[in-house]
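So this block is entry_4.txt, compact mmCIF, C-alpha atoms:
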```txt
# COMPACT_ATOMS: atom_id res chain seq x y z
CA MET A 413 -23.01 12.14 25.05
CA ILE A 414 -22.23 8.99 23.08
CA SER A 415 -25.92 8.43 22.44
CA ARG A 416 -26.31 12.01 21.26
CA SER A 417 -23.31 11.60 18.97
CA LYS A 418 -24.91 8.53 17.42
CA TYR A 419 -28.01 10.59 16.67
CA LEU A 420 -25.84 13.25 15.05
CA VAL A 421 -24.16 10.61 12.89
CA TRP A 422 -27.53 9.31 11.73
CA LEU A 423 -28.73 12.86 11.14
CA PHE A 424 -25.63 13.57 9.06
CA ALA A 425 -26.21 10.36 7.08
CA GLY A 426 -29.84 11.31 6.50
CA LEU A 427 -28.91 14.80 5.30
CA PHE A 428 -26.29 13.35 2.97
CA LEU A 429 -28.83 10.95 1.48
CA LEU A 430 -31.24 13.86 1.10
CA LEU A 431 -28.55 15.87 -0.69
CA LEU A 432 -27.82 12.88 -2.91
CA GLY A 433 -31.50 12.55 -3.76
CA ILE A 434 -31.77 16.25 -4.57
CA GLN A 435 -28.71 16.06 -6.81
CA VAL A 436 -30.06 13.00 -8.64
CA TYR A 437 -33.46 14.67 -9.08
CA PHE A 438 -31.81 17.87 -10.28
CA MET A 439 -29.68 15.98 -12.79
CA TYR A 440 -32.72 14.02 -14.03
CA LYS A 441 -34.74 17.21 -14.56
CA THR A 442 -31.79 18.89 -16.26
CA TYR A 443 -31.44 15.87 -18.53
CA GLN A 444 -35.12 16.07 -19.50
CA VAL A 445 -34.94 19.81 -20.16
CA LYS A 446 -31.82 19.43 -22.30
CA LYS A 447 -33.39 16.56 -24.20
CA ARG A 448 -36.47 18.65 -24.96
CA GLU A 449 -34.28 21.54 -26.09
CA ILE A 450 -32.42 19.31 -28.54
CA TYR A 451 -35.62 17.82 -29.94
CA THR A 452 -37.13 21.29 -30.24
CA SER A 453 -34.12 22.50 -32.21
CA VAL A 454 -34.31 19.43 -34.48
CA LEU A 455 -38.02 19.98 -35.09
CA SER A 456 -37.62 23.69 -35.79
CA LYS A 457 -34.87 22.95 -38.28
CA ILE A 458 -36.83 20.28 -40.09
CA THR A 459 -40.28 21.91 -39.94
CA LYS A 460 -39.55 24.26 -42.80
CA HIS A 461 -38.52 21.30 -44.93
CA ILE A 462 -41.39 18.94 -44.05
CA ASP A 463 -43.40 20.06 -47.05
CA ASP A 464 -40.43 19.22 -49.26
CA LEU A 465 -39.97 15.69 -47.93
CA GLU A 466 -42.35 14.27 -50.53
CA ASP A 467 -40.13 15.76 -53.20
CA LEU A 468 -36.90 14.23 -51.83
CA GLY A 469 -37.25 10.83 -53.43
CA GLU A 470 -37.05 9.90 -57.03
CA LEU A 471 -40.50 11.40 -57.54
CA ASP A 472 -41.02 13.79 -60.40
CA GLU A 473 -44.26 15.26 -61.64
CA GLN A 474 -45.11 12.03 -63.37
CA ASP A 475 -44.48 10.06 -60.18
CA LYS A 476 -46.69 12.42 -58.21
CA LYS A 477 -49.46 11.81 -60.70
CA SER A 478 -48.81 8.11 -60.30
CA SER A 479 -49.34 8.26 -56.55
CA LYS A 480 -52.61 10.12 -57.02
CA ASN A 481 -53.66 7.68 -59.71
CA ILE A 482 -52.98 4.81 -57.32
CA LEU A 483 -55.38 6.36 -54.83
CA THR A 484 -57.97 6.83 -57.56
CA LYS A 485 -57.62 3.30 -58.92
CA TYR A 486 -57.87 1.78 -55.45
CA ALA A 487 -60.88 3.95 -54.64
CA HIS A 488 -62.59 2.68 -57.83
CA LYS A 489 -61.43 -0.87 -57.07
CA GLU A 490 -59.40 -1.07 -60.24
CA ILE A 491 -56.45 -2.56 -58.30
CA SER A 492 -56.32 -4.96 -55.42
CA LYS A 493 -55.43 -4.10 -51.84
CA LYS A 494 -52.16 -5.99 -52.21
CA GLU A 495 -51.16 -3.94 -55.23
CA PHE A 496 -52.15 -0.80 -53.38
CA LEU A 497 -49.99 -1.64 -50.38
CA ASN A 498 -47.09 -2.80 -52.55
CA TYR A 499 -46.97 0.63 -54.09
CA PHE A 500 -46.27 2.22 -50.69
CA THR A 501 -43.63 -0.41 -49.91
CA GLU A 502 -41.86 0.15 -53.21
CA ASN A 503 -42.04 3.91 -52.82
CA ARG A 504 -40.62 3.68 -49.27
CA ASN A 505 -37.69 1.54 -50.42
CA LYS A 506 -37.13 3.74 -53.45
CA THR A 507 -36.82 6.97 -51.45
CA ARG A 508 -35.09 5.60 -48.33
CA ASN A 509 -31.47 6.39 -49.24
CA LYS A 510 -32.12 9.89 -50.51
CA LEU A 511 -34.24 10.77 -47.47
CA SER A 512 -31.53 9.40 -45.15
CA TYR A 513 -28.86 11.43 -46.92
CA TYR A 514 -30.95 14.57 -46.61
CA ILE A 515 -31.62 14.08 -42.88
CA ASP A 516 -27.97 13.24 -42.15
CA SER A 517 -26.71 16.28 -44.02
CA GLN A 518 -28.98 18.55 -42.01
CA PHE A 519 -27.46 17.47 -38.66
CA LYS A 520 -23.97 16.40 -39.59
CA LYS A 521 -22.44 19.41 -37.85
CA GLU A 522 -24.28 18.75 -34.57
CA GLY A 523 -23.47 15.03 -34.71
CA TYR A 524 -27.11 14.03 -34.34
CA ASN A 525 -28.07 10.57 -35.61
CA VAL A 526 -31.67 11.28 -36.61
CA ALA A 527 -34.26 8.76 -37.74
CA ALA A 528 -37.44 10.02 -39.46
CA ARG A 529 -40.58 8.67 -41.06
CA ILE A 530 -43.83 9.95 -42.55
CA VAL A 531 -46.86 7.86 -41.72
CA TYR A 532 -50.24 8.09 -43.41
CA LEU A 533 -52.70 7.68 -40.58
CA SER A 534 -55.81 7.76 -42.73
CA ILE A 535 -56.86 8.28 -46.36
CA ILE A 536 -60.52 9.15 -46.92
CA SER A 537 -62.20 9.41 -50.33
CA ILE A 538 -64.41 12.48 -50.66
CA PRO A 539 -67.38 12.93 -50.81
CA ASP A 540 -68.50 9.39 -49.93
CA SER A 541 -66.10 9.30 -46.90
CA THR A 542 -64.76 5.88 -47.78
CA LYS A 543 -61.72 4.88 -45.75
CA LEU A 544 -59.03 3.49 -48.05
CA ILE A 545 -56.80 2.23 -45.23
CA LYS A 546 -57.62 0.75 -41.84
CA ASP A 547 -54.10 0.78 -40.37
CA PRO A 548 -51.38 3.45 -40.64
CA ILE A 549 -48.99 3.08 -43.58
CA ILE A 550 -45.35 4.24 -43.56
CA PHE A 551 -44.91 6.32 -46.69
CA TYR A 552 -41.32 7.59 -46.21
CA GLU A 553 -38.66 6.29 -43.84
CA THR A 554 -34.92 6.71 -43.32
CA ASN A 555 -32.49 3.81 -43.11
CA ASN A 556 -32.48 4.29 -39.34
CA LYS A 557 -35.70 2.98 -37.87
CA VAL A 558 -37.82 5.08 -35.54
CA GLU A 559 -38.46 3.01 -32.41
CA GLN A 560 -39.57 5.58 -29.85
CA PRO A 561 -40.36 8.93 -31.44
CA GLY A 562 -38.95 11.82 -29.48
CA VAL A 563 -41.21 14.31 -31.22
CA SER A 564 -44.11 13.99 -33.65
CA GLN A 565 -46.01 16.41 -35.83
CA THR A 566 -49.31 15.71 -37.47
CA GLY A 567 -50.80 17.24 -40.57
CA LYS A 568 -53.90 17.01 -42.78
CA TRP A 569 -54.42 18.00 -46.37
CA GLU A 570 -56.63 17.36 -49.39
CA THR A 571 -55.37 16.13 -52.74
CA LYS A 572 -57.25 15.79 -56.01
CA SER A 573 -56.85 13.48 -58.95
CA THR A 574 -58.50 13.89 -62.40
CA SER A 575 -59.26 10.84 -64.51
CA THR A 576 -60.95 10.41 -67.94
CA SER A 577 -63.38 7.75 -68.96
CA GLY A 578 -65.93 6.99 -71.62
CA GLU A 579 -65.50 6.60 -75.33
CA ASN A 580 -62.59 8.60 -76.69
CA ASN A 581 -61.86 9.77 -73.12
CA THR A 582 -64.50 12.39 -73.39
CA TYR A 583 -65.63 12.14 -69.78
CA GLU A 584 -63.49 13.61 -67.00
CA LYS A 585 -63.94 12.87 -63.34
CA THR A 586 -62.21 14.50 -60.38
CA ASP A 587 -61.55 12.50 -57.18
CA SER A 588 -60.65 14.16 -53.89
CA PHE A 589 -58.86 12.51 -50.97
CA LEU A 590 -58.39 13.76 -47.42
CA ILE A 591 -55.05 12.54 -46.05
CA ARG A 592 -54.00 12.77 -42.39
CA SER A 593 -50.30 12.12 -41.77
CA LYS A 594 -47.77 12.13 -38.95
CA THR A 595 -44.07 12.92 -39.11
CA ASP A 596 -41.96 11.17 -36.43
CA PHE A 597 -38.38 12.02 -35.41
CA GLU A 598 -36.02 10.22 -33.09
CA ILE A 599 -32.43 11.12 -32.17
CA LEU A 600 -30.83 7.71 -31.73
CA ASN A 601 -27.78 9.01 -29.88
CA ILE A 602 -29.71 11.49 -27.72
CA ASN A 603 -28.36 10.10 -24.42
CA ILE A 604 -24.74 10.43 -25.51
CA ILE A 605 -25.33 13.97 -26.78
CA VAL A 606 -27.08 15.08 -23.60
CA PHE A 607 -24.42 13.58 -21.32
CA LYS A 608 -21.66 15.20 -23.37
CA GLU A 609 -23.28 18.60 -22.99
CA LEU A 610 -23.85 18.02 -19.27
CA THR A 611 -20.40 16.58 -18.57
CA LEU A 612 -19.13 19.63 -16.68
CA LEU A 613 -22.30 19.87 -14.61
CA ILE A 614 -22.19 16.14 -13.79
CA LEU A 615 -18.54 16.34 -12.75
CA CYS A 616 -19.26 19.33 -10.51
CA CYS A 617 -22.15 17.51 -8.84
CA ILE A 618 -20.01 14.39 -8.31
CA ALA A 619 -17.19 16.52 -6.90
CA ILE A 620 -19.60 18.18 -4.45
CA LEU A 621 -21.04 14.84 -3.33
CA LEU A 622 -17.59 13.29 -2.93
CA SER A 623 -16.41 16.31 -0.94
CA VAL A 624 -19.38 16.04 1.39
CA LEU A 625 -18.91 12.26 1.68
CA ILE A 626 -15.19 12.58 2.46
CA LEU A 627 -15.94 15.29 5.01
CA TYR A 628 -18.64 13.06 6.49
CA ILE A 629 -16.29 10.05 6.77
CA PHE A 630 -13.52 12.21 8.21
CA THR A 631 -15.91 13.69 10.76
CA VAL A 632 -17.28 10.29 11.76
CA ASN A 633 -13.79 8.85 12.17
CA ASN A 634 -12.76 11.79 14.35
CA LEU A 635 -15.97 11.46 16.32
CA ILE A 636 -15.33 7.75 16.92
CA LYS A 637 -11.78 8.48 18.08
CA GLN A 638 -13.00 11.23 20.37
CA GLN A 639 -15.69 8.97 21.77
CA LYS A 640 -13.11 6.32 22.57
CA GLN A 641 -10.91 8.91 24.26
CA VAL A 642 -13.91 10.20 26.22
CA GLU A 643 -14.79 6.66 27.27
CA VAL A 644 -11.23 6.06 28.47
CA LEU A 645 -11.22 9.39 30.27
CA HIS A 646 -14.50 8.63 32.00
CA THR A 647 -13.20 5.20 32.97
CA VAL A 648 -10.06 6.73 34.48
CA VAL A 649 -12.00 9.44 36.34
CA ASP A 650 -14.62 7.00 37.63
CA ASN A 651 -12.14 4.40 38.84
CA ILE A 652 -8.99 6.31 39.79
CA SER A 653 -9.96 6.40 43.45
CA HIS A 654 -10.43 2.64 43.49
CA GLU A 655 -6.93 2.02 42.12
CA PHE A 656 -5.49 3.94 45.06
CA LYS A 657 -7.62 2.14 47.63
CA THR A 658 -5.12 -0.66 48.29
CA PRO A 659 -2.17 1.44 49.49
CA ILE A 660 -4.48 3.95 51.16
CA ALA A 661 -6.32 1.16 52.95
CA THR A 662 -2.99 -0.28 54.07
CA LEU A 663 -1.92 3.10 55.41
CA LYS A 664 -5.21 3.49 57.29
CA ILE A 665 -4.84 0.07 58.85
CA ALA A 666 -1.26 0.90 59.79
CA SER A 667 -2.40 4.20 61.32
CA LYS A 668 -5.07 2.50 63.42
CA THR A 669 -2.57 -0.10 64.58
CA LEU A 670 -0.13 2.60 65.67
CA LYS A 671 -2.86 4.35 67.63
CA LYS A 672 -3.53 1.16 69.56
CA GLU A 673 0.04 0.14 70.11
CA TYR A 674 3.49 1.13 69.06
CA ASN A 675 4.90 -1.30 66.49
CA PRO A 676 8.21 -0.41 64.82
CA GLU A 677 7.57 -2.96 62.03
CA ILE A 678 4.74 -0.83 60.69
CA PHE A 679 6.98 2.10 59.72
CA PRO A 680 8.73 0.19 56.91
CA LEU A 681 5.29 -0.87 55.69
CA ILE A 682 4.16 2.77 55.59
CA ASP A 683 7.28 3.73 53.64
CA ARG A 684 6.65 0.96 51.12
CA GLN A 685 3.01 2.06 50.61
CA ILE A 686 4.03 5.68 50.10
CA SER A 687 6.56 4.53 47.56
CA ARG A 688 3.90 2.46 45.88
CA LEU A 689 1.57 5.47 45.66
CA GLU A 690 4.33 7.40 43.93
CA ASP A 691 4.92 4.55 41.50
CA LEU A 692 1.19 4.26 40.80
CA MET A 693 1.02 7.95 39.94
CA LEU A 694 3.87 7.50 37.50
CA GLN A 695 2.10 4.53 35.93
CA LEU A 696 -0.97 6.64 35.23
CA HIS A 697 1.12 9.12 33.23
CA ALA A 698 3.43 6.81 31.34
CA GLU A 699 4.04 3.18 30.65
CA GLU A 700 6.54 1.39 32.84
CA THR A 701 10.11 1.44 31.59
CA ILE A 702 13.24 -0.01 33.04
CA GLU A 703 15.44 2.90 34.01
CA GLU A 704 17.98 1.11 36.16
CA ASN A 705 19.13 -2.42 36.78
CA SER A 706 18.96 -2.46 40.57
CA LYS A 707 18.93 -5.56 42.74
CA ILE A 708 16.26 -7.36 44.65
CA TYR A 709 17.10 -9.42 47.71
CA ARG A 710 15.51 -12.59 49.00
CA GLU A 711 13.81 -10.86 51.96
CA ASP A 712 12.18 -8.26 49.65
CA TRP A 713 9.78 -10.90 48.35
CA ASP A 714 8.72 -11.55 51.94
CA PHE A 715 7.95 -7.84 52.40
CA PHE A 716 5.73 -7.85 49.31
CA VAL A 717 3.68 -10.78 50.60
CA ASN A 718 3.53 -9.40 54.15
CA ASP A 719 2.14 -6.11 52.85
CA LEU A 720 -0.52 -8.00 50.93
CA ALA A 721 -1.42 -10.10 53.95
CA PHE A 722 -1.64 -6.96 56.09
CA THR A 723 -3.89 -5.24 53.53
CA TYR A 724 -6.13 -8.25 52.88
CA PRO A 725 -6.49 -10.02 56.22
CA ASP A 726 -9.34 -12.22 54.92
CA THR A 727 -7.10 -13.78 52.26
CA VAL A 728 -4.45 -16.39 52.98
CA PHE A 729 -1.12 -15.68 51.26
CA LYS A 730 1.58 -18.37 51.16
CA LEU A 731 5.08 -17.79 49.81
CA ASN A 732 7.44 -20.58 48.76
CA ASN A 733 10.69 -18.80 47.97
CA PHE A 734 13.45 -20.93 46.39
CA SER A 735 15.06 -18.06 44.50
CA SER A 736 18.63 -16.81 44.72
CA ASP A 737 19.61 -14.46 47.51
CA VAL A 738 20.20 -11.61 45.05
CA LEU A 739 18.66 -11.12 41.61
CA PRO A 740 19.44 -8.37 39.05
CA PHE A 741 15.88 -7.03 38.81
CA ASP A 742 14.39 -3.67 39.73
CA LYS A 743 12.77 -4.00 43.14
CA LYS A 744 9.87 -1.64 42.41
CA LEU A 745 9.03 -3.41 39.17
CA MET A 746 9.03 -6.83 40.81
CA GLU A 747 6.80 -5.48 43.58
CA THR A 748 4.38 -4.24 40.90
CA VAL A 749 4.34 -7.68 39.26
CA ILE A 750 3.66 -9.59 42.49
CA LYS A 751 1.14 -7.19 43.96
CA ASN A 752 -0.78 -6.58 40.74
CA LEU A 753 -1.21 -10.30 40.14
CA CYS A 754 -2.17 -11.03 43.75
CA GLU A 755 -4.58 -8.11 43.99
CA ASN A 756 -6.13 -9.23 40.74
CA SER A 757 -6.75 -12.64 42.35
CA VAL A 758 -8.31 -11.00 45.43
CA LYS A 759 -10.62 -8.91 43.23
CA TYR A 760 -11.94 -12.05 41.56
CA GLY A 761 -12.81 -13.97 44.67
CA ALA A 762 -9.60 -15.76 45.74
CA SER A 763 -9.39 -16.70 49.42
CA LYS A 764 -6.08 -18.55 49.07
CA ILE A 765 -3.12 -17.41 47.00
CA LEU A 766 0.11 -19.33 46.57
CA ILE A 767 3.30 -17.58 45.36
CA GLU A 768 6.23 -19.75 44.35
CA LEU A 769 9.63 -18.45 43.26
CA LYS A 770 12.63 -20.42 42.02
CA THR A 771 15.70 -19.83 39.90
CA ILE A 772 16.88 -22.42 37.39
CA GLN A 773 19.83 -21.81 35.04
CA ASN A 774 19.77 -18.00 35.19
CA LYS A 775 16.01 -17.87 34.83
CA LEU A 776 13.54 -16.65 37.43
CA GLU A 777 10.27 -18.55 37.53
CA ILE A 778 7.27 -17.04 39.34
CA THR A 779 4.05 -19.00 39.77
CA ILE A 780 0.96 -17.42 41.32
CA SER A 781 -2.09 -19.64 41.74
CA ASP A 782 -5.44 -18.90 43.39
CA ASN A 783 -8.81 -20.45 44.05
CA GLY A 784 -10.84 -17.58 42.61
CA ILE A 785 -13.76 -17.62 40.17
CA GLY A 786 -11.45 -18.23 37.20
CA MET A 787 -11.86 -17.01 33.63
CA GLU A 788 -13.28 -18.35 30.40
CA LYS A 789 -10.83 -19.26 27.65
CA LYS A 790 -12.05 -16.47 25.40
CA GLU A 791 -10.93 -13.91 28.01
CA LEU A 792 -7.33 -15.18 28.29
CA ASN A 793 -6.13 -13.51 25.06
CA SER A 794 -7.41 -10.08 26.14
CA ILE A 795 -6.64 -9.73 29.85
CA PHE A 796 -3.22 -8.16 29.20
CA GLU A 797 -4.63 -5.41 26.94
CA LYS A 798 -4.58 -1.86 28.20
CA PHE A 799 -7.79 -0.83 30.02
CA TYR A 800 -9.30 -4.29 29.46
CA ARG A 801 -11.47 -5.69 32.22
CA ILE A 802 -13.30 -9.01 32.32
CA GLN A 803 -16.96 -8.54 31.55
CA SER A 804 -20.10 -10.59 31.95
CA ASN A 805 -23.20 -9.57 29.99
CA ASN A 806 -21.42 -6.30 29.16
CA ILE A 807 -21.09 -5.47 32.89
CA HIS A 808 -17.74 -5.13 34.61
CA ASN A 809 -17.56 -7.54 37.51
CA SER A 810 -14.85 -5.66 39.38
CA LYS A 811 -13.76 -2.07 39.71
CA GLY A 812 -10.41 -0.99 38.32
CA LEU A 813 -8.67 0.72 35.45
CA GLY A 814 -7.67 -2.47 33.71
CA LEU A 815 -4.02 -1.44 33.90
CA GLY A 816 -2.63 -3.97 36.38
CA LEU A 817 -2.07 -6.93 34.07
CA PHE A 818 -1.03 -4.60 31.27
CA PHE A 819 1.82 -3.24 33.41
CA VAL A 820 2.78 -6.78 34.46
CA LYS A 821 3.18 -7.91 30.87
CA LYS A 822 5.01 -4.71 29.93
CA ILE A 823 7.55 -5.18 32.73
CA ILE A 824 8.11 -8.85 31.84
CA GLU A 825 8.56 -8.07 28.13
CA ASN A 826 11.09 -5.36 28.96
CA TYR A 827 13.10 -8.07 30.69
CA ASN A 828 12.70 -10.30 27.59
CA GLY A 829 10.56 -12.69 29.61
CA LYS A 830 7.16 -14.23 29.00
CA ILE A 831 3.98 -14.83 30.96
CA GLU A 832 1.52 -17.69 30.64
CA VAL A 833 -1.96 -18.01 32.10
CA SER A 834 -4.34 -20.90 32.52
CA SER A 835 -7.72 -20.82 34.22
CA VAL A 836 -10.75 -22.94 34.98
CA VAL A 837 -14.07 -21.32 35.76
CA ASN A 838 -15.05 -21.65 39.43
CA GLU A 839 -11.74 -23.38 40.23
CA GLY A 840 -9.01 -20.76 39.91
CA THR A 841 -6.24 -19.23 37.81
CA ILE A 842 -2.51 -19.86 37.48
CA PHE A 843 -0.02 -17.28 36.20
CA LYS A 844 3.48 -18.48 35.25
CA ILE A 845 6.30 -16.00 34.58
CA PHE A 846 9.72 -16.78 33.13
CA ILE A 847 12.40 -14.05 33.21
CA PRO A 848 16.00 -14.66 32.10
CA TYR A 849 18.84 -12.77 33.74
CA GLU A 850 22.61 -12.44 33.76
CA TYR A 851 24.93 -11.30 36.53
```

For the structure just supplied, provide its representation as structure tokens.
Amino acid sequence: MISRSKYLVWLFAGLFLLLLGIQVYFMYKTYQVKKREIYTSVLSKITKHIDDLEDLGELDEQDKKSSKNILTKYAHKEISKKEFLNYFTENRNKTRNKLSYYIDSQFKKEGYNVAARIVYLSIISIPDSTKLIKDPIIFYETNNKVEQPGVSQTGKWETKSTSTSGENNTYEKTDSFLIRSKTDFEILNINIIVFKELTLLILCCIAILLSVLILYIFTVNNLIKQQKQVEVLHTVVDNISHEFKTPIATLKIASKTLKKEYNPEIFPLIDRQISRLEDLMLQLHAEETIEENSKIYREDWDFFVNDLAFTYPDTVFKLNNFSSDVLPFDKKLMETVIKNLCENSVKYGASKILIELKTIQNKLEITISDNGIGMEKKELNSIFEKFYRIQSNNIHNSKGLGLGLFFVKKIIENYNGKIEVSSVVNEGTIFKIFIPYEY
């Protein structure tokens, strides 16, 4: 199920990335369409005035004749190439401001910052087809330079110039020129304009993507939490029988012993195991809490160890009890502490377990040492966590819920005590418990 959930998470991530790609592609195409629409509107508005652009400068009829005369003189080699080109430069500078004012006034309302220019691509003298220019020449240009034309329009026309020559100007000659030109336009603030017009659409797309992303994160977080709960549930279901094995095994052994021979000492043992089963059931439903401040007597510790020795006959248990005759601790909780720690030692290979108890200045000290397989230092900070079990290569070495040491620490903390642990791999582990008390 966890593996399938991971696939669903990756599928969800893939679909989200696909949606993001579609949105980005959609926005890009919308941007291009809007950009073309704006350039089309600019071109349609200017097209009807293109023919008038040559009249926008300081040119009058005399100036127009001058431009034609310049073409004629250059065609007849009456002026140099430098003079010919200087004329275009001077004319461009002369008409720049007025052309800029005209263009700006046309699109002031829309807020378009338009750059324009008219370029002569070729000038050919008819009928000998002589090319007067080799490279394009900018004839008109606004103050704003055209860097990357957004739209261009080409045109071609023929112009004629009449000149007189001979004595007393009696001979007239007409020169014809074929001119091919291109008009370029660029909206310098096109990106800002497009994004302004698409602001609402962009915000809606971002809102949709964020909503999907938030929903995705929320779903993944819930899925992770559910997976953890499922893992815990599976762990409990898979190992619950093992946690009950100790008291059940003790009861079975006691039953077999009674069948062989009557032993009145076994009945108290059976009662203690039944009581322990009840306590274990309570532990599975709620954390241990101290409900009453009952007493524990010196001989009770002996019963705890005897039960362990009866249940684990292959393990040697030794008790050194130097505690007070009566201590103000809950008997059931102290039994849980001793038995959980000792059973933990048995699980991890201990064949000898030593339990030492002593009271010094209203403080109970419990030391439990074993000769088990021990633990690495990195494990010591985690062994008291709920459901934690020591692992090797991601494999649990021993069955169990991982609740035993958690309950031990919880009980000790409720008594305002502390627990310390030290361990050496392949040598053993030592637990030391310090619990203060008052009569």

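Reported to one decimal place, the separation of atom CA of A:Ser517 from atom CA of A:Ser456 is 15.5 Å.
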
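The list of residues within 8 Å of (-51.1, 2.2, -41.2), counted using all atoms listed in the file, is Val531, Tyr532, Leu533, Ser534, Ile545, Lys546, Asp547, Pro548, Ile549 and Ile550 of chain A.
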
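Separating atom CA of A:Tyr451 from atom CA of A:Glu570 is a distance of 28.6 Å.
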
Item to complete: Identify the residues around (-6.5, -9.8, 44.3) within a radius of 10 Å, measuring from all atoms listed in the file in the coordinates stated by the file, and give them as a list in words.
Response: Leu720, Tyr724, Thr727, Lys751, Asn752, Leu753, Cys754, Glu755, Asn756, Ser757, Val758, Lys759, Tyr760, Gly761, Ala762, Ser763, Lys764, Ile765, Asp782 and Gly784 of chain A

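Closest approach to A:Asp540 among A:His488, A:Lys743, A:Arg684, A:Lys822: A:His488, based on all atoms listed in the file.
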
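Separating atom CA of A:Ile678 from atom CA of A:Ala666 is a distance of 6.3 Å.
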
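Of the listed residues A:Phe630, A:Tyr440, A:Tyr552, A:Tyr486, the one whose atoms come nearest to A:Asp587 is A:Tyr486, with distances taken using all atoms listed in the file.
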
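Nearest to A:Thr586 of all the residues A:Lys608, A:Arg710, A:Lys480, A:Lys664 is A:Lys480, counting all atoms listed in the file.
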
Discussion item. I'd like the contact shell of stretch 828-837 of chain A - 8 Å cut-off, all atoms listed in the file, skipping same-chain residues fewer than 6 positions apart - returned as a list of chain:residue names.
Written reply: A:Ile785, A:Gly786, A:Met787, A:Glu788, A:Lys789, A:Leu792, A:Lys821, A:Phe843, A:Lys844, A:Ile845, A:Phe846, A:Ile847, A:Pro848

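Nearest to A:Tyr437 of all the residues A:Arg529, A:Asp742, A:Leu622, A:Cys617 is A:Cys617, counting only C-alpha atoms.
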
Discussion item. I need the residue nearest A:Ile530 from this list: A:Ile620, A:Lys510, A:Asn556, A:Ser564. Use only C-alpha atoms for the distance.
Written reply: A:Ser564
